[in-house]
Structures are given as structure tokens and as C-alpha cells.
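Printed here is model-v9.txt (compact mmCIF, C-alpha atoms):
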# COMPACT_ATOMS: atom_id res chain seq x y z
CA MET A 282 -18.57 42.96 -30.94
CA ALA A 283 -20.25 42.12 -27.65
CA ALA A 284 -23.83 43.14 -26.89
CA PRO A 285 -24.39 46.51 -25.20
CA ALA A 286 -23.07 46.02 -21.67
CA LEU A 287 -26.29 47.02 -19.94
CA SER A 288 -25.79 44.00 -17.66
CA LEU A 289 -29.46 43.13 -18.08
CA ARG A 290 -30.73 40.42 -20.35
CA PRO A 291 -32.90 41.85 -23.19
CA ALA A 292 -36.65 41.82 -22.65
CA ASP A 293 -37.21 39.34 -25.47
CA PRO A 294 -34.24 36.94 -25.64
CA TRP A 295 -36.23 34.54 -27.83
CA GLN A 296 -36.08 36.98 -30.75
CA ILE A 297 -32.31 37.18 -30.30
CA VAL A 298 -32.09 33.38 -30.39
CA LEU A 299 -34.20 33.27 -33.56
CA ALA A 300 -31.88 35.84 -35.17
CA ARG A 301 -28.76 33.98 -33.95
CA ASP A 302 -27.44 37.37 -32.85
CA GLY A 303 -23.84 36.75 -31.80
CA ARG A 304 -23.60 40.15 -30.11
CA TYR A 305 -25.46 38.65 -27.17
CA ASP A 306 -23.21 35.62 -26.74
CA GLY A 307 -22.22 35.73 -23.08
CA ALA A 308 -25.23 37.82 -22.07
CA PHE A 309 -27.37 34.72 -21.50
CA VAL A 310 -27.82 31.11 -22.60
CA TYR A 311 -30.93 29.21 -23.64
CA ALA A 312 -31.73 25.63 -22.67
CA VAL A 313 -33.92 23.12 -24.50
CA LYS A 314 -35.99 20.89 -22.23
CA SER A 315 -36.51 18.16 -24.84
CA THR A 316 -32.76 17.64 -25.36
CA GLY A 317 -31.37 18.68 -21.98
CA ILE A 318 -28.79 20.92 -23.68
CA TYR A 319 -28.10 24.64 -23.36
CA CYS A 320 -26.52 26.92 -26.01
CA ARG A 321 -25.29 30.43 -26.65
CA PRO A 322 -27.75 32.68 -28.62
CA SER A 323 -25.82 32.38 -31.89
CA CYS A 324 -25.67 28.56 -31.89
CA PRO A 325 -26.24 27.31 -35.47
CA SER A 326 -28.29 24.32 -34.30
CA ARG A 327 -31.90 23.90 -35.33
CA ARG A 328 -34.23 26.16 -33.36
CA PRO A 329 -36.57 24.38 -30.92
CA ARG A 330 -40.20 25.23 -30.21
CA PRO A 331 -40.46 28.23 -27.86
CA ASP A 332 -42.41 26.21 -25.27
CA GLN A 333 -39.35 23.95 -24.91
CA VAL A 334 -36.95 26.80 -24.13
CA GLU A 335 -35.75 28.23 -20.83
CA PHE A 336 -33.31 31.13 -20.42
CA TYR A 337 -30.47 31.43 -17.94
CA ASP A 338 -28.10 34.28 -17.20
CA ILE A 339 -24.96 32.17 -16.93
CA PRO A 340 -24.02 28.60 -17.89
CA GLU A 341 -23.66 27.56 -14.26
CA THR A 342 -27.34 28.20 -13.50
CA ALA A 343 -28.35 26.18 -16.56
CA GLU A 344 -26.18 23.31 -15.35
CA ARG A 345 -27.63 23.63 -11.87
CA ALA A 346 -31.03 23.05 -13.48
CA GLY A 347 -29.73 19.82 -15.05
CA PHE A 348 -28.77 20.94 -18.58
CA ARG A 349 -25.53 20.06 -20.43
CA ALA A 350 -23.39 22.44 -22.48
CA CYS A 351 -23.72 22.21 -26.26
CA ARG A 352 -20.60 20.68 -27.79
CA ARG A 353 -21.16 22.59 -30.99
CA CYS A 354 -21.27 26.20 -29.75
CA ARG A 355 -19.42 25.68 -26.41
CA PRO A 356 -21.35 28.29 -24.38
CA ARG A 357 -19.06 27.91 -21.35
CA ASP A 358 -16.15 29.37 -23.35
CA VAL A 359 -17.80 32.74 -23.97
CA ARG A 360 -16.90 35.74 -21.84
CA GLY A 361 -19.84 37.92 -20.85
CA PRO A 362 -20.07 41.60 -21.86
CA ASP A 363 -20.76 42.54 -18.24
CA PRO A 364 -17.68 42.08 -16.00
CA ARG A 365 -19.95 40.94 -13.17
CA VAL A 366 -20.85 37.87 -15.21
CA ASP A 367 -17.29 36.57 -15.10
CA LEU A 368 -17.05 37.30 -11.37
CA VAL A 369 -20.29 35.44 -10.59
CA ARG A 370 -19.25 32.52 -12.80
CA ARG A 371 -15.93 32.22 -10.96
CA ALA A 372 -17.75 32.31 -7.65
CA CYS A 373 -20.25 29.68 -8.79
CA ARG A 374 -17.43 27.39 -9.89
CA ALA A 375 -15.71 27.86 -6.52
CA ILE A 376 -18.91 26.96 -4.68
CA ASP A 377 -19.65 24.04 -7.01
CA GLU A 378 -16.28 22.49 -6.20
CA GLN A 379 -17.18 22.20 -2.49
CA PRO A 380 -20.92 22.80 -1.99
CA ASP A 381 -20.88 20.87 1.29
CA VAL A 382 -18.31 23.20 2.90
CA ALA A 383 -19.67 26.18 4.82
CA GLU A 384 -17.91 29.37 3.77
CA THR A 385 -18.66 32.97 4.66
CA LEU A 386 -19.03 35.71 2.10
CA THR A 387 -15.79 37.28 3.33
CA THR A 388 -13.84 34.04 2.89
CA LEU A 389 -15.22 33.42 -0.59
CA ALA A 390 -14.52 37.01 -1.65
CA ARG A 391 -10.96 36.74 -0.34
CA ARG A 392 -10.43 33.59 -2.42
CA LEU A 393 -11.60 35.47 -5.50
CA ASN A 394 -9.60 38.58 -4.59
CA VAL A 395 -12.60 40.93 -4.72
CA PRO A 396 -14.46 43.00 -2.10
CA GLY A 397 -17.27 41.12 -0.38
CA THR A 398 -19.81 43.87 -1.12
CA ARG A 399 -19.01 43.71 -4.83
CA LEU A 400 -19.46 39.93 -4.88
CA ALA A 401 -22.76 40.10 -2.99
CA LYS A 402 -24.16 42.86 -5.21
CA SER A 403 -23.12 41.03 -8.37
CA PHE A 404 -24.87 37.85 -7.22
CA HIS A 405 -28.07 39.70 -6.37
CA ALA A 406 -28.05 41.64 -9.64
CA LEU A 407 -27.50 38.64 -11.91
CA LEU A 408 -29.07 35.73 -10.03
CA GLY A 409 -31.39 37.39 -7.54
CA VAL A 410 -29.88 35.36 -4.68
CA SER A 411 -26.90 35.63 -2.36
CA PRO A 412 -23.81 33.38 -2.57
CA ARG A 413 -25.09 31.60 0.53
CA GLN A 414 -28.46 30.89 -1.11
CA TYR A 415 -26.67 29.61 -4.19
CA ARG A 416 -24.57 27.30 -2.01
CA ASP A 417 -27.73 26.07 -0.26
CA ALA A 418 -29.26 25.26 -3.65
CA ARG A 419 -26.14 23.36 -4.72
CA ARG A 420 -26.14 21.46 -1.43
CA LEU A 421 -29.77 20.51 -1.99
CA ALA A 422 -28.88 19.32 -5.51
CA VAL A 423 -26.15 17.07 -4.02
CA PHE A 424 -28.70 15.75 -1.54
CA LYS A 425 -31.21 14.98 -4.31
CA THR A 426 -28.55 13.13 -6.30
CA ALA A 427 -27.45 11.18 -3.24
CA LEU A 428 -31.05 10.20 -2.51
CA LYS A 429 -31.24 8.43 -5.84
CA ARG A 430 -28.15 6.36 -5.03
CA ARG A 431 -28.87 5.49 -1.40
CA SER A 432 -31.57 3.48 0.31
CA ARG A 433 -31.72 5.74 3.39
CA VAL A 434 -32.19 9.49 3.83
CA SER A 435 -29.70 10.10 6.67
CA PRO A 436 -26.48 9.13 4.80
CA ALA A 437 -27.60 11.26 1.84
CA LEU A 438 -28.18 14.38 3.91
CA TYR A 439 -24.84 14.09 5.69
CA GLU A 440 -23.09 13.50 2.37
CA ALA A 441 -24.61 16.77 1.17
CA GLY A 442 -23.29 18.63 4.19
CA PHE A 443 -26.52 19.20 6.13
CA SER A 444 -25.83 19.41 9.85
CA SER A 445 -29.07 17.72 10.95
CA PRO A 446 -32.19 16.07 9.52
CA SER A 447 -34.33 19.01 10.66
CA ARG A 448 -32.40 21.39 8.36
CA VAL A 449 -33.16 19.44 5.24
CA TYR A 450 -36.76 18.59 6.14
CA GLU A 451 -37.61 22.23 6.75
CA ARG A 452 -36.47 23.00 3.19
CA THR A 453 -37.81 20.07 1.21
CA HIS A 454 -41.46 21.04 1.26
CA ARG A 455 -40.57 24.31 -0.43
CA ASP A 456 -37.70 23.21 -2.68
CA LEU A 457 -38.66 19.63 -3.58
CA GLY A 458 -42.42 20.01 -3.37
CA MET A 459 -42.52 16.64 -1.57
CA THR A 460 -40.79 14.81 1.27
CA PRO A 461 -37.31 13.31 0.70
CA ALA A 462 -38.75 9.78 0.76
CA VAL A 463 -41.26 10.59 -1.99
CA TYR A 464 -38.60 12.34 -4.06
CA GLN A 465 -36.33 9.34 -3.66
CA ARG A 466 -39.00 7.28 -5.43
CA GLY A 467 -39.04 9.79 -8.29
CA GLY A 468 -42.39 11.24 -7.27
CA ALA A 469 -44.05 7.83 -7.46
CA GLY A 470 -47.36 7.87 -5.64
CA LEU A 471 -48.04 11.54 -6.37
CA THR A 472 -51.40 11.95 -8.13
CA ILE A 473 -51.82 14.84 -10.56
CA ARG A 474 -55.14 15.50 -12.27
CA TYR A 475 -55.27 17.65 -15.36
CA ALA A 476 -57.70 19.12 -17.87
CA VAL A 477 -57.18 20.66 -21.31
CA LEU A 478 -59.41 23.61 -22.15
CA THR A 479 -60.25 25.56 -25.28
CA SER A 480 -59.93 29.31 -24.77
CA PRO A 481 -59.40 32.57 -26.67
CA LEU A 482 -55.66 31.96 -26.17
CA GLY A 483 -55.73 28.50 -27.75
CA ARG A 484 -55.43 25.37 -25.65
CA ILE A 485 -54.77 25.57 -21.90
CA LEU A 486 -53.60 22.70 -19.73
CA VAL A 487 -54.41 22.99 -16.03
CA ALA A 488 -52.87 20.40 -13.68
CA ALA A 489 -53.22 20.08 -9.92
CA THR A 490 -52.19 18.02 -6.92
CA ASP A 491 -54.35 17.65 -3.82
CA ARG A 492 -52.80 20.87 -2.49
CA GLY A 493 -53.46 23.11 -5.48
CA ILE A 494 -52.66 23.98 -9.10
CA CYS A 495 -49.14 22.98 -10.12
CA GLN A 496 -49.21 23.72 -13.87
CA VAL A 497 -51.02 26.10 -16.21
CA LYS A 498 -49.57 25.97 -19.72
CA LEU A 499 -50.66 27.53 -23.01
CA GLY A 500 -50.29 26.08 -26.48
CA ASP A 501 -51.85 25.36 -29.85
CA SER A 502 -52.80 21.73 -29.28
CA ALA A 503 -53.31 19.28 -26.42
CA GLY A 504 -50.65 16.73 -27.41
CA PRO A 505 -47.50 18.79 -26.78
CA LEU A 506 -48.93 20.17 -23.53
CA GLU A 507 -49.68 16.67 -22.24
CA ARG A 508 -46.25 15.37 -23.27
CA GLU A 509 -44.54 18.24 -21.47
CA LEU A 510 -46.56 17.52 -18.32
CA LYS A 511 -45.53 13.86 -18.47
CA SER A 512 -41.87 14.76 -18.97
CA GLU A 513 -41.93 16.98 -15.88
CA TYR A 514 -43.66 14.36 -13.71
CA PRO A 515 -42.46 11.05 -15.22
CA ARG A 516 -43.34 8.83 -12.25
CA ALA A 517 -46.44 10.54 -10.96
CA MET A 518 -49.89 9.16 -11.64
CA LEU A 519 -51.37 11.51 -14.24
CA THR A 520 -55.11 11.44 -14.78
CA GLN A 521 -57.18 13.57 -17.11
CA ASP A 522 -60.12 14.57 -14.94
CA ASN A 523 -62.05 17.61 -16.13
CA ARG A 524 -64.75 17.12 -13.51
CA ALA A 525 -62.36 17.21 -10.56
CA LEU A 526 -60.89 20.52 -11.73
CA VAL A 527 -64.07 22.14 -13.03
CA LYS A 528 -64.25 24.73 -10.25
CA TRP A 529 -60.75 26.01 -10.97
CA THR A 530 -60.89 25.71 -14.76
CA ALA A 531 -64.23 27.54 -14.87
CA ALA A 532 -62.72 30.36 -12.82
CA ILE A 533 -59.79 30.62 -15.24
CA LEU A 534 -62.10 30.76 -18.26
CA ARG A 535 -64.26 33.45 -16.63
CA HIS A 536 -61.09 35.37 -15.85
CA LEU A 537 -59.96 35.19 -19.48
CA ALA A 538 -63.37 36.48 -20.58
CA GLY A 539 -63.03 39.47 -18.25
CA LYS A 540 -65.85 38.25 -15.99
CA GLU A 541 -63.75 37.39 -12.93
CA PRO A 542 -61.00 39.99 -12.53
CA HIS A 543 -59.67 38.75 -9.19
CA LEU A 544 -58.35 35.23 -9.67
CA ASP A 545 -57.30 33.73 -6.35
CA LEU A 546 -56.63 30.01 -6.68
CA PRO A 547 -54.47 27.73 -4.49
CA THR A 548 -51.16 26.65 -5.99
CA ASP A 549 -48.65 23.89 -5.30
CA VAL A 550 -45.43 24.91 -7.01
CA ARG A 551 -41.72 24.55 -6.29
CA ALA A 552 -39.77 27.78 -6.21
CA THR A 553 -36.81 29.58 -4.76
CA ALA A 554 -37.41 32.25 -2.13
CA PHE A 555 -36.83 34.96 -4.75
CA GLN A 556 -39.28 33.40 -7.21
CA GLN A 557 -41.92 33.16 -4.50
CA LYS A 558 -41.39 36.82 -3.67
CA VAL A 559 -41.71 37.90 -7.30
CA TRP A 560 -44.78 35.75 -7.97
CA SER A 561 -46.44 37.11 -4.86
CA LEU A 562 -45.81 40.66 -6.10
CA LEU A 563 -47.24 39.81 -9.53
CA LYS A 564 -50.50 38.68 -7.92
CA LYS A 565 -50.78 42.12 -6.34
CA ILE A 566 -50.68 43.98 -9.67
CA PRO A 567 -54.26 45.26 -10.11
CA TYR A 568 -56.32 43.79 -12.92
CA GLY A 569 -55.94 45.91 -16.05
CA GLN A 570 -52.64 47.43 -14.94
CA THR A 571 -49.00 46.59 -15.67
CA ARG A 572 -45.62 47.04 -14.05
CA SER A 573 -42.17 47.12 -15.60
CA TYR A 574 -39.49 44.58 -14.74
CA SER A 575 -37.53 47.30 -12.95
CA GLU A 576 -40.59 48.33 -10.92
CA VAL A 577 -41.09 44.74 -9.75
CA ALA A 578 -37.41 44.52 -8.84
CA GLN A 579 -37.82 47.71 -6.80
CA LEU A 580 -40.83 46.25 -4.98
CA ALA A 581 -38.85 43.07 -4.33
CA GLY A 582 -36.29 45.14 -2.45
CA ASN A 583 -33.51 44.78 -5.02
CA PRO A 584 -33.66 47.49 -7.72
CA LYS A 585 -30.75 45.90 -9.62
CA ALA A 586 -32.42 42.48 -9.91
CA THR A 587 -34.31 43.28 -13.12
CA ARG A 588 -32.78 40.31 -14.88
CA ALA A 589 -33.72 37.97 -12.03
CA VAL A 590 -37.30 39.28 -12.16
CA ALA A 591 -37.45 38.53 -15.89
CA ARG A 592 -36.21 35.01 -15.22
CA ALA A 593 -38.82 34.50 -12.49
CA CYS A 594 -41.51 35.58 -14.96
CA ALA A 595 -40.16 33.25 -17.66
CA THR A 596 -40.13 30.26 -15.28
CA ASN A 597 -43.61 30.85 -13.84
CA PRO A 598 -45.29 27.39 -14.00
CA VAL A 599 -48.85 28.64 -13.52
CA ALA A 600 -49.64 31.12 -16.28
CA ILE A 601 -52.68 33.34 -15.70
CA VAL A 602 -52.92 32.30 -12.02
CA VAL A 603 -49.66 34.15 -11.45
CA PRO A 604 -50.12 37.01 -13.94
CA CYS A 605 -46.60 37.34 -15.33
CA HIS A 606 -48.19 38.82 -18.47
CA ARG A 607 -48.70 42.06 -16.52
CA VAL A 608 -44.95 42.71 -16.45
CA VAL A 609 -43.83 44.73 -19.47
CA SER A 610 -40.77 46.52 -20.77
CA LYS A 611 -39.77 49.85 -19.29
CA ASP A 612 -40.71 51.65 -22.53
CA GLY A 613 -44.29 50.36 -22.27
CA THR A 614 -44.05 47.70 -24.98
CA GLU A 615 -45.19 44.16 -24.20
CA GLY A 616 -41.72 42.67 -23.86
CA GLY A 617 -41.29 38.90 -23.89
CA TYR A 618 -43.72 36.19 -22.88
CA ARG A 619 -43.05 32.48 -22.53
CA TRP A 620 -46.28 31.60 -24.33
CA GLY A 621 -45.93 34.11 -27.17
CA VAL A 622 -46.21 37.89 -27.35
CA GLU A 623 -49.52 37.69 -29.24
CA ARG A 624 -51.14 35.86 -26.31
CA LYS A 625 -49.73 38.46 -23.94
CA ARG A 626 -51.14 41.22 -26.10
CA LYS A 627 -54.61 39.60 -26.05
CA LEU A 628 -54.52 39.17 -22.27
CA LEU A 629 -53.61 42.81 -21.69
CA ALA A 630 -56.21 44.00 -24.19
CA THR A 631 -58.98 41.98 -22.50
CA GLU A 632 -58.03 43.27 -19.07
CA GLY A 633 -57.81 46.82 -20.37
CA ARG A 634 -61.35 46.69 -21.81
CA ALA A 635 -62.80 45.22 -18.61
CA ARG A 636 -61.48 47.96 -16.31

Would you kindly transcribe this structure into C-alpha cells?
Amino acid sequence: MAAPALSLRPADPWQIVLARDGRYDGAFVYAVKSTGIYCRPSCPSRRPRPDQVEFYDIPETAERAGFRACRRCRPRDVRGPDPRVDLVRRACRAIDEQPDVAETLTTLARRLNVPGTRLAKSFHALLGVSPRQYRDARRLAVFKTALKRRSRVSPALYEAGFSSPSRVYERTHRDLGMTPAVYQRGGAGLTIRYAVLTSPLGRILVAATDRGICQVKLGDSAGPLERELKSEYPRAMLTQDNRALVKWTAAILRHLAGKEPHLDLPTDVRATAFQQKVWSLLKKIPYGQTRSYSEVAQLAGNPKATRAVARACATNPVAIVVPCHRVVSKDGTEGGYRWGVERKRKLLATEGRAR
């Protein structure tokens, strides 16, 4: 029997994955960064470490992020419990077939034989973006792939369907985090300094470019955190430099001790427009207070985007700096947390005492 068709991914999908609960097959998929493969929740494969897992609402978004479908559990073959899931998946496949072709919402909806308003609302509810924004992301992915094959930027951008160089350059700073030429070299030449701290939450890795903090990760030991940083920036020059980051790391430690409630540090992260909006709203949650996923969705201007808000929290690359731990379940319980519910509980307790 399918999971309850609430259309929203459960607050703690990791527990469902651990239980291999087949009722939620089709409600979401989980991807493993170390293998590059995504699975349905009930997949019988060996469970990975939670810090290696990312969650996606539909297989197409996992594939857009570069993951491959598991050949064992075949997550693409599962029908979702929410009828909007199948509609969005069909639309994504239609866009994926021709990402370089401009197509209006009306034309796409007519191809799928559904009302345009229904298609738009389904996209916003499940993915937090419009069909046009999804097409733009796919077009950018084609451009990034073409850059790796070609020696010049111009042929790659026209292959991806961009009408002019200015269109792609205005997007790359936000979506690539670097210019096309730098991306084409795999990030070579980018210098990232990092430090590993000991804190009440265990070990914390803080990494930064010249523009600001790009990673804040939590774990039990330094080794896995450093390996994950290297896997995300394989061609960047990584340097452990505690002294260079001491101002920012000291602020984070004071914040964790309840001595610096208002943490305002510069960041240099890649994100979609919706993620940026959510993360900006999270920074506005007062110290010692929480908001529910649905409340954040309401503030973001899309009350039905609760699932997209949860995904934005789960993919936040700068823990603590962007306080995703302040978003809880509607019933007041902690809900999920990428770095473990116990760490989330400690963070909220510390902030509650310091109010």
C-alpha cells in the first residue's frame, strides 16, 4: 500500500530509509554521494552514512544533480502516491528531451493534456520552481557539459540554447559560483581554505573562498569531513589554514556557546533562486525561536512548497551560518536534520537557554 498521499515528503525521510519502509516508495528517493546512485526508500542495498545522503522528491531531480538510478531497486519505475508526482515527472521528461527549445507554459501543458494552472501549481508544490526555471536549470546543465567537451565558451552556450553570451554570464556567478572559463577547468585555480574545529556538536569543518564561507559541515571526526570537501572541490587548491579563518571560526564557536546570538558571516555558496530565498528567511528567524516548514513556505510566498522548503534545509551547505536547525515539524517536534537530530536538539536547547 502506498504511503499516505499527503503529497509532502515526511519530516524525517532518513528514518524511513533506515526502516526500508516500502509504503513511501514513490514519495521520494535518496541519493548517495559516494556512489553517485539514487534509490527508492525500500532498496535492500547496504545503508550509507547519513552525511553521504541527499533526498529528492522525484527521480528526475536526482538525475539533474548527477546521480544514476539504482539497477537493483529501479526507482524510476515506481509510481508516486500523489498524482502530481506523475504529472511533474512527465513534464520533466518532456523538458529534458529538448531543454534548448523555448516553450511556454501553455504549450507544455497542451502537450501533456492538462490545464496550465495545474501544471504550474504542481511544479511549485513539489519542486519549488516553475517549469521555466526547471528548463533554465536543464539548459545550464547542458552548457556545463558542453564546456567540458569544447575549447571555447561561445559554441557551448549556443549548443545549450542560450540566445547571447550576456544571458549565460549573468547566471553563472549565481549558479556555477565561478565564471564559465574557471568551471571549464574544473574549478582549477580556485583556492579554498579550511579549518576543523572541536565543538559541543563534535567536529566542525569550516571552508571558505576569498568571497566568504562556502562549507560548514558537522561530523564525528575530521577525516570524513575533509574527504567530502575534497570530493566536492576535486580540482581546487585546498589548504588547511586555521589562522586565516580564525575570525569566522571563533564567531561560530561563540555562537554555539550562546555568547554571540546574531551570527552574520559572509557566504559564497551556489544555490537556486528558491534556495536563496529560503536560506535568507532562515537567517531572519530570531535566535531561540523556531518556525515550521509550512510557516517558512508561507513566508516564501508559496504555502504549498513545504516539501521544497524541507529540501532547501537538507541541502544547506553552511550549517549554523544558515540556521536550518530552527525549522521544525508542524507538531513542534524537532523533525529531521542533515547532521543528526541529536545535534539539532542540542542547538535548540542552547539557544533556548540563552534567550

May I ask which of the residues A:Ser323, A:Thr520, A:Gln333, A:Gln570 is the closest one to Gly500 (chain A), counting only C-alpha atoms?
->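 Distance minimum relative to Gly500 (chain A) lands on A:Gln333.
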
Could you check which residues have any atom within 10 Å of (-27.7, 17.8, -27.0), counting all atoms listed in the file with coordinates taken straight from the file, and then list them as an mmCIF file with C-alpha atoms, keeping the file's coordinate frame?
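Written out: selection.cif:
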data_model
loop_
_atom_site.group_PDB
_atom_site.id
_atom_site.type_symbol
_atom_site.label_atom_id
_atom_site.label_comp_id
_atom_site.auth_asym_id
_atom_site.auth_seq_id
_atom_site.Cartn_x
_atom_site.Cartn_y
_atom_site.Cartn_z
ATOM 1 C CA ALA A 312 -31.730 25.630 -22.670
ATOM 2 C CA VAL A 313 -33.920 23.120 -24.500
ATOM 3 C CA SER A 315 -36.510 18.160 -24.840
ATOM 4 C CA THR A 316 -32.760 17.640 -25.360
ATOM 5 C CA GLY A 317 -31.370 18.680 -21.980
ATOM 6 C CA ILE A 318 -28.790 20.920 -23.680
ATOM 7 C CA TYR A 319 -28.100 24.640 -23.360
ATOM 8 C CA CYS A 320 -26.520 26.920 -26.010
ATOM 9 C CA SER A 326 -28.290 24.320 -34.300
ATOM 10 C CA PHE A 348 -28.770 20.940 -18.580
ATOM 11 C CA ARG A 349 -25.530 20.060 -20.430
ATOM 12 C CA ALA A 350 -23.390 22.440 -22.480
ATOM 13 C CA CYS A 351 -23.720 22.210 -26.260
ATOM 14 C CA ARG A 352 -20.600 20.680 -27.790
ATOM 15 C CA ARG A 353 -21.160 22.590 -30.990
#

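With all atoms listed in the file as the atoms that count, the residue of A:Ala589, A:Leu499, A:Val609, A:Arg416 with the shortest distance to Ile339 (chain A) is A:Ala589.
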
Quick one, how far is CA of Asp491 (chain A) from CA of Ala595 (chain A)?
->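 Computing it gives 25.2 Å between the two atoms.
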
Counting all atoms listed in the file, the option among A:Gly347, A:Gly307, A:Gly617, A:Pro547 closest to Ser573 (chain A) |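 Closest residue, counting all atoms listed in the file: A:Gly617.
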
Could you give me, as a CSV table (one decimal) with C-alpha atoms, keeping the file's coordinate frame, the residues within 10 Å of Arg360 (chain A), counting only C-alpha atoms and dropping anything in the same chain fewer than 6 positions from it?
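Dumped to out_12.csv:
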chain,number,residue,atom,x,y,z
A,283,ALA,CA,-20.2,42.1,-27.6
A,306,ASP,CA,-23.2,35.6,-26.7
A,307,GLY,CA,-22.2,35.7,-23.1
A,308,ALA,CA,-25.2,37.8,-22.1
A,366,VAL,CA,-20.8,37.9,-15.2
A,367,ASP,CA,-17.3,36.6,-15.1
A,370,ARG,CA,-19.2,32.5,-12.8
